[in-house]
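Novice: Dropping a structure here in structure tokens format, bear with me for questions.
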Amino acid sequence: METWKLELLYLGKMRCKKHRMIRTENREETMEIPVTAVLLRHPQYGNILYDTGNAANWASCLPEPTRRDFPITEWISIESALREKGLSPDEIDVLILSHLHFDHVGGLQEFAGTKAGGAVRVSRSELSNALVKAFTGYVGGYVKSLIDVPGITYMPVDQEMELFPGLRLFLQQSHAPGLIGLEVKTEDYGTVLCVSDAVYLQESDEKQLPPDSPNQEVARGFLENLKELRRRRRETGAVILYGHDWKQTEAWVTKKADQSDSRKDNSENVEPTFHGR
Ligand SMILES: [Zn+2]
């Protein structure tokens, strides 16, 4: 059997300026975004976890500008989210981190000394990028104490791979260098592409709108990656699970996705184009 049981774990929420998520006219508008992780279970291949949410000590470990730009308004530990599913960190077989920003790596310390913590999958280029930043005084999404955790060893991922039957890891060049995405055949949702912060919102996908950034590379990377994701979606008939989409999180955490609307995408044949300002 090649299908996995996918459960979206709700780990709280943050606030941020909307333009940090998607290009918008109003630069003052704020929005609330969910923080999540993905649990994959298979009777033969075990329990896989994708991301870990924010850290218990976020208030003391995040630099002030990060706390100001992304205030955490609700925090749920990965440990308690797993417990609700009848699991402990010890029972996770493989931990995959999409990338090493604080809201994805924060629960890593829960896996210190565990089986999964001994070989945490992360892309090699993202690991290099994050380590250089963390060890050179960078202030932003990468926090040294959350990445350099005693009892945690990383296992770098260099290229697309089949981790287990029905579960592929692929690398995206958007948001972070080598952001790991999952292509997974699931029991309840068909094939799912977990793309993390390469595409924050369903609206980002539908309107082909990158986050707002003075750096033109951000938009270019977003659109190129989206084009590649759309190709993958066409080929696999997949539905995309976005990085920080409130509506989708609500729907998936509480009930099975309504596949009828998320699978139809009549903008599918339109090539992403750069909407310069
Ligand atoms: Zn994020």
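Residue numbering restarts at 1 in every chain; chains get A, B, ... in the order shown in the structure tokens, and ligands count up from 1 in that same order.
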Neighbouring residues of A:Glu7 were defined as those with any atom within 8 Å, considering only C-alpha atoms; residues of the same chain fewer than 4 positions away were excluded. Please report them as a list in words.
Specialist: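 Once the nearby chain positions are removed, what remains is Val38, Leu39, Leu40, Trp252 and Val253 of chain A.
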Novice: Counting only C-alpha atoms and all ligand atoms, which protein, DNA or RNA residues come within 10 Å of ligand 1, given as a PyMOL selection string?
Specialist: chain A and resi 14+21+33-36+51+53-54+98-105+141+175+196-200+243-244
Novice: Excluding same-chain residues fewer than 4 positions from A:His42, what lies within 7 Å of it counting only C-alpha atoms, as a PDB file with C-alpha atoms, in the first residue's frame?
Specialist:
ATOM      1  CA  TRP A   4      -0.286   7.755   3.765  1.00  0.00           C
ATOM      2  CA  LYS A   5      -2.597   9.188   6.394  1.00  0.00           C
ATOM      3  CA  GLY A  46       6.105   4.669  10.296  1.00  0.00           C
ATOM      4  CA  ASN A  47       5.503   8.252  11.396  1.00  0.00           C
TER       5      ASN A  47
END
Novice: Would you please extract all strand (DSSP E or B) residues from stretch 141-229 of chain A, as assigned by DSSP on the backbone, and give them as an MDAnalysis selection string?
Specialist: chainID A and resid 154:157 161:164 167:174 176:186 190:196
Novice: Between A:Ala37, A:Ile72, A:Met155, A:Ile22, which residue has the minimum interatomic distance to A:Glu203, considering only C-alpha atoms?
Specialist: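 Nearest candidate to A:Glu203 out of A:Ala37, A:Ile72, A:Met155, A:Ile22: A:Ile22.
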Novice: Write out as a ChimeraX atom specification the set of residues from stretch 25-263 of chain A that DSSP, computed on the backbone, places in helix (DSSP H, G or I).
Specialist: /A:58-61,64-69,78-84,89-91,102-105,108-111,116-118,124-134,144-147,202-206,216-236,246-254,259-263
Novice: Next, write the just-selected residues to a file, as a PDB file, in the first residue's frame, keeping C-alpha atoms as the atom set.
Specialist:
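File again_27.pdb, as written:
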ATOM      1  CA  TRP A  58      10.012  32.210  21.640  1.00  0.00           C
ATOM      2  CA  ALA A  59       9.587  35.337  23.785  1.00  0.00           C
ATOM      3  CA  SER A  60      13.187  35.196  24.983  1.00  0.00           C
ATOM      4  CA  CYS A  61      14.958  33.670  21.985  1.00  0.00           C
ATOM      5  CA  GLU A  64      13.196  42.011  18.969  1.00  0.00           C
ATOM      6  CA  PRO A  65      12.655  42.966  15.288  1.00  0.00           C
ATOM      7  CA  THR A  66      11.399  39.450  14.534  1.00  0.00           C
ATOM      8  CA  ARG A  67       9.003  39.534  17.507  1.00  0.00           C
ATOM      9  CA  ARG A  68       7.763  42.919  16.348  1.00  0.00           C
ATOM     10  CA  ASP A  69       7.249  41.861  12.697  1.00  0.00           C
ATOM     11  CA  ILE A  78       4.518  20.213  18.789  1.00  0.00           C
ATOM     12  CA  GLU A  79       4.739  17.837  21.743  1.00  0.00           C
ATOM     13  CA  SER A  80       1.117  18.495  22.760  1.00  0.00           C
ATOM     14  CA  ALA A  81      -0.114  18.373  19.139  1.00  0.00           C
ATOM     15  CA  LEU A  82       1.532  14.968  18.755  1.00  0.00           C
ATOM     16  CA  ARG A  83       0.159  13.823  22.103  1.00  0.00           C
ATOM     17  CA  GLU A  84      -3.330  14.588  20.844  1.00  0.00           C
ATOM     18  CA  PRO A  89       8.478  12.825  19.802  1.00  0.00           C
ATOM     19  CA  ASP A  90      10.175   9.447  20.460  1.00  0.00           C
ATOM     20  CA  GLU A  91       7.689   7.779  18.157  1.00  0.00           C
ATOM     21  CA  PHE A 102      12.001  30.078  13.582  1.00  0.00           C
ATOM     22  CA  ASP A 103       8.333  29.182  12.998  1.00  0.00           C
ATOM     23  CA  HIS A 104       9.255  25.830  11.426  1.00  0.00           C
ATOM     24  CA  VAL A 105      12.252  24.797  13.490  1.00  0.00           C
ATOM     25  CA  LEU A 108      13.267  20.903  17.214  1.00  0.00           C
ATOM     26  CA  GLN A 109      14.537  20.741  20.785  1.00  0.00           C
ATOM     27  CA  GLU A 110      11.717  18.264  21.571  1.00  0.00           C
ATOM     28  CA  PHE A 111      13.492  15.760  19.306  1.00  0.00           C
ATOM     29  CA  ALA A 116      14.224  11.349  14.355  1.00  0.00           C
ATOM     30  CA  GLY A 117      16.514  13.932  15.973  1.00  0.00           C
ATOM     31  CA  GLY A 118      19.554  11.909  14.969  1.00  0.00           C
ATOM     32  CA  ARG A 124      21.983  21.084   2.220  1.00  0.00           C
ATOM     33  CA  SER A 125      21.860  24.547   0.665  1.00  0.00           C
ATOM     34  CA  GLU A 126      19.355  25.780   3.248  1.00  0.00           C
ATOM     35  CA  LEU A 127      21.440  24.311   6.075  1.00  0.00           C
ATOM     36  CA  SER A 128      24.547  26.108   4.773  1.00  0.00           C
ATOM     37  CA  ASN A 129      22.618  29.341   4.315  1.00  0.00           C
ATOM     38  CA  ALA A 130      21.106  29.179   7.802  1.00  0.00           C
ATOM     39  CA  LEU A 131      24.362  28.283   9.537  1.00  0.00           C
ATOM     40  CA  VAL A 132      26.268  31.133   7.941  1.00  0.00           C
ATOM     41  CA  LYS A 133      23.516  33.533   8.976  1.00  0.00           C
ATOM     42  CA  ALA A 134      23.112  32.092  12.472  1.00  0.00           C
ATOM     43  CA  LYS A 144      21.074  30.257  16.242  1.00  0.00           C
ATOM     44  CA  SER A 145      19.768  28.643  19.431  1.00  0.00           C
ATOM     45  CA  LEU A 146      16.860  27.062  17.547  1.00  0.00           C
ATOM     46  CA  ILE A 147      19.075  25.572  14.809  1.00  0.00           C
ATOM     47  CA  GLN A 202      -4.048  29.943  -1.740  1.00  0.00           C
ATOM     48  CA  GLU A 203      -4.500  33.525  -2.978  1.00  0.00           C
ATOM     49  CA  SER A 204      -0.769  33.715  -3.777  1.00  0.00           C
ATOM     50  CA  ASP A 205      -1.226  30.716  -6.072  1.00  0.00           C
ATOM     51  CA  GLU A 206      -4.514  31.791  -7.659  1.00  0.00           C
ATOM     52  CA  GLN A 216      13.286  41.523  -7.391  1.00  0.00           C
ATOM     53  CA  GLU A 217      14.770  38.054  -6.931  1.00  0.00           C
ATOM     54  CA  VAL A 218      12.001  37.239  -4.442  1.00  0.00           C
ATOM     55  CA  ALA A 219       9.285  37.697  -7.068  1.00  0.00           C
ATOM     56  CA  ARG A 220      11.272  35.956  -9.771  1.00  0.00           C
ATOM     57  CA  GLY A 221      12.012  32.945  -7.536  1.00  0.00           C
ATOM     58  CA  PHE A 222       8.379  32.751  -6.429  1.00  0.00           C
ATOM     59  CA  LEU A 223       7.004  32.785  -9.987  1.00  0.00           C
ATOM     60  CA  GLU A 224       9.512  30.291 -11.343  1.00  0.00           C
ATOM     61  CA  ASN A 225       8.858  27.950  -8.477  1.00  0.00           C
ATOM     62  CA  LEU A 226       5.089  28.344  -8.883  1.00  0.00           C
ATOM     63  CA  LYS A 227       5.401  27.416 -12.541  1.00  0.00           C
ATOM     64  CA  GLU A 228       7.272  24.275 -11.552  1.00  0.00           C
ATOM     65  CA  LEU A 229       4.682  23.454  -8.871  1.00  0.00           C
ATOM     66  CA  ARG A 230       1.866  23.857 -11.381  1.00  0.00           C
ATOM     67  CA  ARG A 231       3.629  21.441 -13.709  1.00  0.00           C
ATOM     68  CA  ARG A 232       3.907  18.948 -10.861  1.00  0.00           C
ATOM     69  CA  ARG A 233       0.276  19.499  -9.940  1.00  0.00           C
ATOM     70  CA  ARG A 234      -0.846  18.890 -13.543  1.00  0.00           C
ATOM     71  CA  GLU A 235       1.183  15.694 -13.775  1.00  0.00           C
ATOM     72  CA  THR A 236       0.049  14.250 -10.457  1.00  0.00           C
ATOM     73  CA  TRP A 246      -5.898  30.234   7.407  1.00  0.00           C
ATOM     74  CA  LYS A 247      -8.936  28.969   5.478  1.00  0.00           C
ATOM     75  CA  GLN A 248      -7.208  25.829   4.314  1.00  0.00           C
ATOM     76  CA  THR A 249      -5.771  25.174   7.771  1.00  0.00           C
ATOM     77  CA  GLU A 250      -9.228  25.454   9.314  1.00  0.00           C
ATOM     78  CA  ALA A 251     -10.687  23.122   6.729  1.00  0.00           C
ATOM     79  CA  TRP A 252      -7.949  20.519   6.943  1.00  0.00           C
ATOM     80  CA  VAL A 253      -7.509  20.534  10.698  1.00  0.00           C
ATOM     81  CA  THR A 254     -11.212  20.024  11.315  1.00  0.00           C
ATOM     82  CA  GLN A 259     -11.402  18.010  -3.180  1.00  0.00           C
ATOM     83  CA  SER A 260     -13.972  19.172  -5.693  1.00  0.00           C
ATOM     84  CA  ASP A 261     -13.014  22.827  -5.447  1.00  0.00           C
ATOM     85  CA  SER A 262      -9.306  22.630  -4.632  1.00  0.00           C
ATOM     86  CA  ARG A 263      -8.536  20.398  -7.583  1.00  0.00           C
TER      87      ARG A 263
END
Novice: Any idea what the distance is between atom CA of A:Glu183 and atom CA of A:Ser88?
Specialist: 24.5 Å
Novice: Name the closest residue to A:Gly190 among the candidates A:Leu169, A:Leu241, A:Val94, A:Ala176; distances are taken between atoms, counting only C-alpha atoms.
Specialist: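 Among the listed residues, the smallest separation from A:Gly190 belongs to A:Leu241.
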Novice: Could you tell me how far atom CA of A:Gly107 lies from atom CA of A:Gly181, in Å and to one decimal?
Specialist: 18.9 Å
